[in-house]
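Chemist: Take this structure, written in structure tokens, and hold onto it; I'll ask about it next.
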Amino acid sequence: LTSRRYPGLQRGHFASLTDADAANIERLVSGRVLTDLSELEGYNMDWMKTLRGSSKLVVRPKSTEEVAAVLRYCNDRRLAVVPQGGNTGLVGGSIPVFDEIIISTQLMNNIINMDDVSGILVCQAGCVLGKLDDYVKEYGFTMPLDLGAKGSCHIGGNLATNAGGLRLLRYGSLHGNVLGLEVVLPNGEILDCLSTLRKDNTGYDLKQLFVGSEGTLGIITAASILCPQQPNAVNVALLGVPTFKGVMNIFKKAKVHLGEILSAFELMDRESMEMVTENLKLSNPITSSRFYALIETSGSNKDHDEEKISSLLETLLNSGQITDGTLATDESKIQAVWSLRERLAEGLLCDGYCYKYDVSLPLSVWYDVVEEMRKRLEGAATHVVAYGHVGDGKNHDSFQETMDLIEPYFYDLVAKYKGCVSAEHGLGFRKKDFIYHSKSTSAVSLMKMVKNLIDPKGIMNPYKLLPTK
Ligand code: FAD
Ligand code: MLT
Ligand code: ZN
């Protein structure tokens, strides 16, 4: 079968779901399956609302054993599956391409353990990130990652995509913060790597293989995460900066001046700010500027931290490096400033069809690439906007209008500048065929060997991550 939606793409040699399969699977999870087409709608459609699958079955297991039983059945029958967490992924990895069975972690939302001395949290994969953050806060800790999607995304989905987000500058990537994983392999075998130790040098670190594997190797069912101490004092500054070079200088100064309390450094250009002020009716507390820098500090001493960031602001203002700035020190104002950045993806969705490109680039060429694309898309795109996590060298550019003008041109440009075609959202369905722009032939060939070894029938999230062309 060739896809009508995606010309040239062939359905893999998988079995088609029969009524008997649906009934057998239903028995394995005590009736927690969905088959009603209206109920399936949300599971078949991605967050961007630009991709749609045709699954006829959603399975909602509650335990690792149930996931194992379902996968074993699917593997034996050669039925393809797609794992789904909060379905907030931005590269089409979490929805079926054809009729794959959706295995949702929605009901796997139990905390297994919280160690109030070490801050090590063990929980099921379907726990919502924001809820976990609220939970660990009660013990004086915080989750090591934070995303605009925290109200819906699952920790399993975060791990499967190796999500970066707004705190990566401070706490590093999930590769460093995950201590253990439990994963069900495609044949139903349970891989127990759910360690809670910070140190373990006994052979290959298998759990890391599943971090960023985007559901192509197995289903993560539980995780152990090292949570940092909850900072006592948080401050956020929003600054108006006339040039991109100016933002870079401020980044350098912020690192020197704020040192260990710097916890986020985000950039938005004027066009991005307009997406949230005009489409979501949020208000910009400072005068309009070509660029905006959002700086967050997180520390243990309120007076000390406030003094540090205020004096940075004063220096920047007095030397003309910023045109305006505001400092938020109380919770509601901090939240209001963060919303301008966190809700940007939502603001863009309200603006019509959105092409989103999450790439990483050397900071020296970051905005040149945006300007080049803006020129190329003049008259074709309504808006070309750029924003991102400068703190870790990532940017996101969103274009509207014709994709042909963008791909492969944009990816070629990223490769030319030695950037990466996916900074943090993964490859999923959208970017799988551009993997060679950022990975060598030998690396992709080893990835294919790993995939074939773990999933010889290819049932786990087919048509994702690895190239189909
Ligand atoms: P899903 O979307 O359901 O799935 C994502 C992928 O993981 C799919 O390939 C799926 O098959 C697989 N998967 C899901 N659960 C499992 C599991 N238990 N086992 C194996 N595979 C699984 N990403 C960033 O990196 N940084 C950001 O700052 C950021 N901000 C975002 C802001 C918004 C508003 C939105 C909508 C998305 C944002 N994202 C960001 C995208 C991001 O990838 C996710 O939001 C998140 O990590 C996905 O989690 P999820 O539970 O929704 O996973
Ligand atoms: C973000 O940084 O806001 C997210 O990764 C989502 C996006 O790129 O729009
Ligand atoms: Zn991001």
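Here's how to read the names in the structure tokens: chain A, B, ... by the order shown, residue numbers from 1 in each chain, ligand numbers from 1 in the order shown.
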Using only C-alpha atoms and all ligand atoms, find each residue of chain A with at least one atom at most 6 Å away from an atom of ligand 2; report its shortest atom-to-atom pair and that distance in Å (one decimal), sort the rows by chain and rising residue number, and return the result as CSV.
Modeler:
```
residue,atom,partner,partner_atom_place_in_ligand_line,distance
A:Glu342,CA,ligand 2,3 (O),5.7
A:Ala345,CA,ligand 2,9 (O),4.0
A:Asp358,CA,ligand 2,8 (O),5.9
A:Gly388,CA,ligand 2,2 (O),5.4
A:His396,CA,ligand 2,8 (O),5.2
```
Chemist: Name all residues at most 10 Å from Ile459 in chain A (count only C-alpha atoms; drop same-chain ones fewer than 6 positions away) and give them as a list of chain:residue names.
Modeler: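 Answer for this query is A:Gly12, A:His13, A:Phe14, A:Leu71, A:Cys74, A:Asn75, A:Arg77, A:Arg78, A:Leu79, A:Ala80, A:Val81, A:Val82, A:Glu100, A:Ile101, A:Pro186, A:Asn187, A:Thr216, A:Leu217, A:Gly218.
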Chemist: I'd like to know which of A:Ala222, A:Ala233, A:Leu344, A:Met403 is closest to Glu331 in chain A, using only C-alpha atoms.
Modeler: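 Among A:Ala222, A:Ala233, A:Leu344, A:Met403, it is A:Ala233 that comes nearest to Glu331 in chain A.
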Chemist: Please report as JSON lines every residue of chain A lying within 10 Å of ligand 3, along with the nearest atom pair and their distance in Å (one decimal), using only C-alpha atoms and all ligand atoms.
Modeler:
```
{"residue": "A:Asp146", "atom": "CA", "partner": "ligand 3", "partner_atom_place_in_ligand_line": "1 (Zn)", "distance": 9.9}
{"residue": "A:Leu147", "atom": "CA", "partner": "ligand 3", "partner_atom_place_in_ligand_line": "1 (Zn)", "distance": 7.4}
{"residue": "A:Gly148", "atom": "CA", "partner": "ligand 3", "partner_atom_place_in_ligand_line": "1 (Zn)", "distance": 8.3}
{"residue": "A:Ala149", "atom": "CA", "partner": "ligand 3", "partner_atom_place_in_ligand_line": "1 (Zn)", "distance": 9.9}
{"residue": "A:Ala163", "atom": "CA", "partner": "ligand 3", "partner_atom_place_in_ligand_line": "1 (Zn)", "distance": 8.2}
{"residue": "A:Gly164", "atom": "CA", "partner": "ligand 3", "partner_atom_place_in_ligand_line": "1 (Zn)", "distance": 6.6}
{"residue": "A:Gly165", "atom": "CA", "partner": "ligand 3", "partner_atom_place_in_ligand_line": "1 (Zn)", "distance": 5.0}
{"residue": "A:Leu166", "atom": "CA", "partner": "ligand 3", "partner_atom_place_in_ligand_line": "1 (Zn)", "distance": 7.1}
{"residue": "A:Glu266", "atom": "CA", "partner": "ligand 3", "partner_atom_place_in_ligand_line": "1 (Zn)", "distance": 9.7}
{"residue": "A:Arg341", "atom": "CA", "partner": "ligand 3", "partner_atom_place_in_ligand_line": "1 (Zn)", "distance": 10.0}
{"residue": "A:Glu342", "atom": "CA", "partner": "ligand 3", "partner_atom_place_in_ligand_line": "1 (Zn)", "distance": 9.0}
{"residue": "A:Ala345", "atom": "CA", "partner": "ligand 3", "partner_atom_place_in_ligand_line": "1 (Zn)", "distance": 9.1}
{"residue": "A:Asp358", "atom": "CA", "partner": "ligand 3", "partner_atom_place_in_ligand_line": "1 (Zn)", "distance": 7.4}
{"residue": "A:Val359", "atom": "CA", "partner": "ligand 3", "partner_atom_place_in_ligand_line": "1 (Zn)", "distance": 9.5}
{"residue": "A:Tyr387", "atom": "CA", "partner": "ligand 3", "partner_atom_place_in_ligand_line": "1 (Zn)", "distance": 8.6}
{"residue": "A:Gly388", "atom": "CA", "partner": "ligand 3", "partner_atom_place_in_ligand_line": "1 (Zn)", "distance": 6.0}
{"residue": "A:His389", "atom": "CA", "partner": "ligand 3", "partner_atom_place_in_ligand_line": "1 (Zn)", "distance": 6.4}
{"residue": "A:Lys394", "atom": "CA", "partner": "ligand 3", "partner_atom_place_in_ligand_line": "1 (Zn)", "distance": 7.7}
{"residue": "A:Asn395", "atom": "CA", "partner": "ligand 3", "partner_atom_place_in_ligand_line": "1 (Zn)", "distance": 7.5}
{"residue": "A:His396", "atom": "CA", "partner": "ligand 3", "partner_atom_place_in_ligand_line": "1 (Zn)", "distance": 7.0}
{"residue": "A:Ala423", "atom": "CA", "partner": "ligand 3", "partner_atom_place_in_ligand_line": "1 (Zn)", "distance": 8.2}
{"residue": "A:Glu424", "atom": "CA", "partner": "ligand 3", "partner_atom_place_in_ligand_line": "1 (Zn)", "distance": 6.6}
{"residue": "A:His425", "atom": "CA", "partner": "ligand 3", "partner_atom_place_in_ligand_line": "1 (Zn)", "distance": 7.5}
```
Chemist: Would you mind writing down, as a JSON list (two decimals) with C-alpha atoms, in the first residue's frame, each residue of range 2-98 of chain A that DSSP on the backbone assigns to strand (DSSP E or B)?
Modeler:
```json
[["chain", "number", "residue", "atom", "x", "y", "z"],
["A", 2, "THR", "CA", 1.25, 3.47, -0.85],
["A", 10, "GLN", "CA", 4.97, 2.42, 1.33],
["A", 33, "VAL", "CA", -8.93, 0.11, 24.71],
["A", 34, "LEU", "CA", -10.57, 2.75, 22.55],
["A", 45, "MET", "CA", -3.64, 14.00, 15.19],
["A", 52, "ARG", "CA", -2.94, 12.71, 10.87],
["A", 58, "VAL", "CA", -5.72, 2.92, 21.23],
["A", 59, "VAL", "CA", -4.49, 0.71, 24.08],
["A", 81, "VAL", "CA", 2.62, 0.12, 17.13],
["A", 82, "VAL", "CA", 3.32, 3.73, 18.07],
["A", 83, "PRO", "CA", 4.00, 4.69, 21.70],
["A", 84, "GLN", "CA", 2.27, 7.89, 22.74]]
```
Chemist: Find the residues around Gly347 in chain A up to 6 Å (only C-alpha atoms counted), leave out those fewer than 6 positions away in its own chain, and share them as a list of chain:residue names.
Modeler: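 In the requested format, the answer is A:Met275, A:Val276, A:Asn279, A:Leu280.
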Chemist: With only C-alpha atoms as the counted atoms, please give the residues lying no more than 9 Å from Asp99 in chain A, apart from itself and same-chain residues fewer than 2 positions off, as a list of chain:residue names.
Modeler: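 In the requested format, the answer is A:Ser16, A:Leu17, A:Gly53, A:Ser54, A:Ser55, A:Lys56, A:Leu57, A:Ala80, A:Val81, A:Pro96, A:Val97, A:Ile101, A:Ile102.
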Chemist: Kindly export the residues of the current selection with C-alpha atoms, as a PDB file, in the first residue's frame.
Modeler:
```pdb
ATOM      1  CA  SER A  16      -3.800  -5.438   9.590  1.00  0.00           C
ATOM      2  CA  LEU A  17      -5.786  -5.315  12.798  1.00  0.00           C
ATOM      3  CA  GLY A  53      -2.808   8.932  11.192  1.00  0.00           C
ATOM      4  CA  SER A  54      -5.489   6.289  10.763  1.00  0.00           C
ATOM      5  CA  SER A  55      -5.169   4.059  13.802  1.00  0.00           C
ATOM      6  CA  LYS A  56      -8.229   2.050  14.715  1.00  0.00           C
ATOM      7  CA  LEU A  57      -7.099   1.107  18.200  1.00  0.00           C
ATOM      8  CA  ALA A  80       2.935  -2.181  14.090  1.00  0.00           C
ATOM      9  CA  VAL A  81       2.620   0.121  17.129  1.00  0.00           C
ATOM     10  CA  PRO A  96       0.593   6.744  13.419  1.00  0.00           C
ATOM     11  CA  VAL A  97       1.566   7.206   9.781  1.00  0.00           C
ATOM     12  CA  ILE A 101      -1.852   0.649  17.061  1.00  0.00           C
ATOM     13  CA  ILE A 102      -1.387   3.493  19.550  1.00  0.00           C
TER      14      ILE A 102
END
```
Chemist: Could you check the closest approach to ligand 1 for each of A:Asn284, A:Ser118, A:Gln124, A:Thr35 and tell me which residue wins, using only C-alpha atoms and all ligand atoms?
Modeler: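 Checking each candidate against ligand 1, we get A:Gln124 as the closest.
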Chemist: Would you list the contacts of Gly299 in chain A as JSON, numbers by chain, taking every protein, DNA or RNA residue within 10 Å and counting only C-alpha atoms, but skipping same-chain residues closer than 3 positions in sequence?
Modeler: {"A": [229, 230, 231, 232, 233, 234, 235, 260, 261, 262, 263, 302, 304, 305, 306]}
Chemist: Please produce a file of those selected residues containing N, CA and C atoms, as a PDB file, in the first residue's frame.
Modeler:
```pdb
ATOM      1  N   GLN A 229      17.898  20.509  43.823  1.00  0.00           N
ATOM      2  CA  GLN A 229      17.243  21.252  44.903  1.00  0.00           C
ATOM      3  C   GLN A 229      16.405  22.380  44.317  1.00  0.00           C
ATOM      4  N   GLN A 230      15.229  22.592  44.870  1.00  0.00           N
ATOM      5  CA  GLN A 230      14.376  23.703  44.441  1.00  0.00           C
ATOM      6  C   GLN A 230      15.037  25.018  44.862  1.00  0.00           C
ATOM      7  N   PRO A 231      15.285  25.936  43.909  1.00  0.00           N
ATOM      8  CA  PRO A 231      15.932  27.195  44.323  1.00  0.00           C
ATOM      9  C   PRO A 231      14.984  28.054  45.169  1.00  0.00           C
ATOM     10  N   ASN A 232      15.517  28.713  46.186  1.00  0.00           N
ATOM     11  CA  ASN A 232      14.682  29.573  47.045  1.00  0.00           C
ATOM     12  C   ASN A 232      14.306  30.871  46.370  1.00  0.00           C
ATOM     13  N   ALA A 233      15.239  31.372  45.570  1.00  0.00           N
ATOM     14  CA  ALA A 233      15.024  32.699  44.999  1.00  0.00           C
ATOM     15  C   ALA A 233      15.128  32.656  43.482  1.00  0.00           C
ATOM     16  N   VAL A 234      14.058  33.133  42.825  1.00  0.00           N
ATOM     17  CA  VAL A 234      14.076  33.176  41.359  1.00  0.00           C
ATOM     18  C   VAL A 234      13.782  34.602  40.912  1.00  0.00           C
ATOM     19  N   ASN A 235      14.533  35.088  39.949  1.00  0.00           N
ATOM     20  CA  ASN A 235      14.287  36.407  39.357  1.00  0.00           C
ATOM     21  C   ASN A 235      14.304  36.262  37.851  1.00  0.00           C
ATOM     22  N   GLU A 260      27.023  31.196  38.826  1.00  0.00           N
ATOM     23  CA  GLU A 260      26.259  29.962  39.068  1.00  0.00           C
ATOM     24  C   GLU A 260      24.760  30.179  39.220  1.00  0.00           C
ATOM     25  N   ILE A 261      24.303  31.427  39.381  1.00  0.00           N
ATOM     26  CA  ILE A 261      22.843  31.612  39.540  1.00  0.00           C
ATOM     27  C   ILE A 261      22.108  31.803  38.207  1.00  0.00           C
ATOM     28  N   LEU A 262      22.846  31.940  37.118  1.00  0.00           N
ATOM     29  CA  LEU A 262      22.185  32.052  35.803  1.00  0.00           C
ATOM     30  C   LEU A 262      21.500  30.721  35.484  1.00  0.00           C
ATOM     31  N   SER A 263      20.170  30.749  35.271  1.00  0.00           N
ATOM     32  CA  SER A 263      19.494  29.470  35.024  1.00  0.00           C
ATOM     33  C   SER A 263      18.790  29.397  33.670  1.00  0.00           C
ATOM     34  N   LYS A 302      17.827  35.481  48.227  1.00  0.00           N
ATOM     35  CA  LYS A 302      17.013  36.415  47.458  1.00  0.00           C
ATOM     36  C   LYS A 302      17.699  37.780  47.299  1.00  0.00           C
ATOM     37  N   HIS A 304      20.807  38.709  47.725  1.00  0.00           N
ATOM     38  CA  HIS A 304      22.073  38.602  46.998  1.00  0.00           C
ATOM     39  C   HIS A 304      21.809  38.466  45.490  1.00  0.00           C
ATOM     40  N   ASP A 305      20.860  37.584  45.118  1.00  0.00           N
ATOM     41  CA  ASP A 305      20.588  37.335  43.696  1.00  0.00           C
ATOM     42  C   ASP A 305      19.973  38.567  43.039  1.00  0.00           C
ATOM     43  N   GLU A 306      19.049  39.209  43.778  1.00  0.00           N
ATOM     44  CA  GLU A 306      18.365  40.389  43.238  1.00  0.00           C
ATOM     45  C   GLU A 306      19.371  41.517  42.996  1.00  0.00           C
TER      46      GLU A 306
END
```
Chemist: Between A:Asn158, A:Thr382, A:Thr202, A:Ser440, single out the one closest to ligand 1, counting only C-alpha atoms and all ligand atoms.
Modeler: A:Asn158
Chemist: Taking 6 positions as the minimum chain separation for residues in the same chain, which residues sit within 9 Å of Asn177 in chain A when counting only C-alpha atoms? Answer as a list in words.
Modeler: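 The filter keeps Pro144, Tyr171, Ser224, Ile225, Leu226 and Cys227 of chain A.
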Chemist: Can you tell me how far CA of Asp36 in chain A sits from CA of Leu349 in chain A, in Å to one decimal?
Modeler: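 Computing it gives 27.5 Å between the two atoms.
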Chemist: For Val384 in chain A, please output as number ranges by chain all residues within 12 Å (counting only C-alpha atoms; exclusion window: fewer than 2 positions along the same chain).
Modeler: A: 269-275, 348, 351, 354-357, 367, 369-382, 386-387, 396-401, 406
Chemist: Those residues you just picked out, can you put them in a file as a tab-separated table (two decimals), in the first residue's frame with C-alpha atoms?
Modeler:
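This is the output file again_1.tsv:
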```tsv
chain	number	residue	atom	x	y	z
A	269	ASP	CA	12.98	38.55	17.97
A	270	ARG	CA	10.38	41.29	17.46
A	271	GLU	CA	8.30	39.09	15.13
A	272	SER	CA	8.12	36.39	17.83
A	273	MET	CA	6.96	38.86	20.44
A	274	GLU	CA	4.18	39.94	18.07
A	275	MET	CA	2.96	36.34	17.87
A	348	LEU	CA	2.28	30.61	16.26
A	351	ASP	CA	-1.37	32.42	13.12
A	354	CYS	CA	3.06	26.84	10.64
A	355	TYR	CA	6.31	25.25	9.45
A	356	LYS	CA	8.51	24.78	12.45
A	357	TYR	CA	12.26	24.21	12.23
A	367	TYR	CA	20.62	35.14	13.15
A	369	VAL	CA	20.54	32.16	8.86
A	370	VAL	CA	17.21	33.67	9.91
A	371	GLU	CA	17.82	36.78	7.81
A	372	GLU	CA	18.76	34.65	4.82
A	373	MET	CA	15.53	32.65	5.12
A	374	ARG	CA	13.52	35.81	5.61
A	375	LYS	CA	14.89	37.15	2.33
A	376	ARG	CA	14.24	33.86	0.56
A	377	LEU	CA	10.65	33.67	1.77
A	378	GLU	CA	9.73	37.29	1.11
A	379	GLY	CA	6.20	37.35	-0.29
A	380	ALA	CA	5.72	33.62	0.35
A	381	ALA	CA	5.56	33.55	4.14
A	382	THR	CA	3.33	35.73	6.30
A	386	ALA	CA	13.08	33.21	15.36
A	387	TYR	CA	13.35	32.36	19.04
A	396	HIS	CA	13.65	27.57	16.40
A	397	ASP	CA	12.53	29.19	13.20
A	398	SER	CA	8.96	28.99	12.07
A	399	PHE	CA	7.93	29.66	8.51
A	400	GLN	CA	4.63	29.69	6.82
A	401	GLU	CA	3.79	29.16	3.20
A	406	ILE	CA	12.35	25.83	2.63
```
Chemist: Pick from A:Leu312, A:Leu159, A:Leu197, A:Leu267: nearest to Asp115 in chain A, with only C-alpha atoms counted?
Modeler: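 Residue with the minimum atom-to-atom distance to Asp115 in chain A: A:Leu197.
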Chemist: So the first atom is CA of Lys457 in chain A and the second is CA of Ala15 in chain A; what is the distance between them in Å, to one decimal place?
Modeler: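 Between CA of Lys457 in chain A and CA of Ala15 in chain A the gap works out to 11.2 Å.
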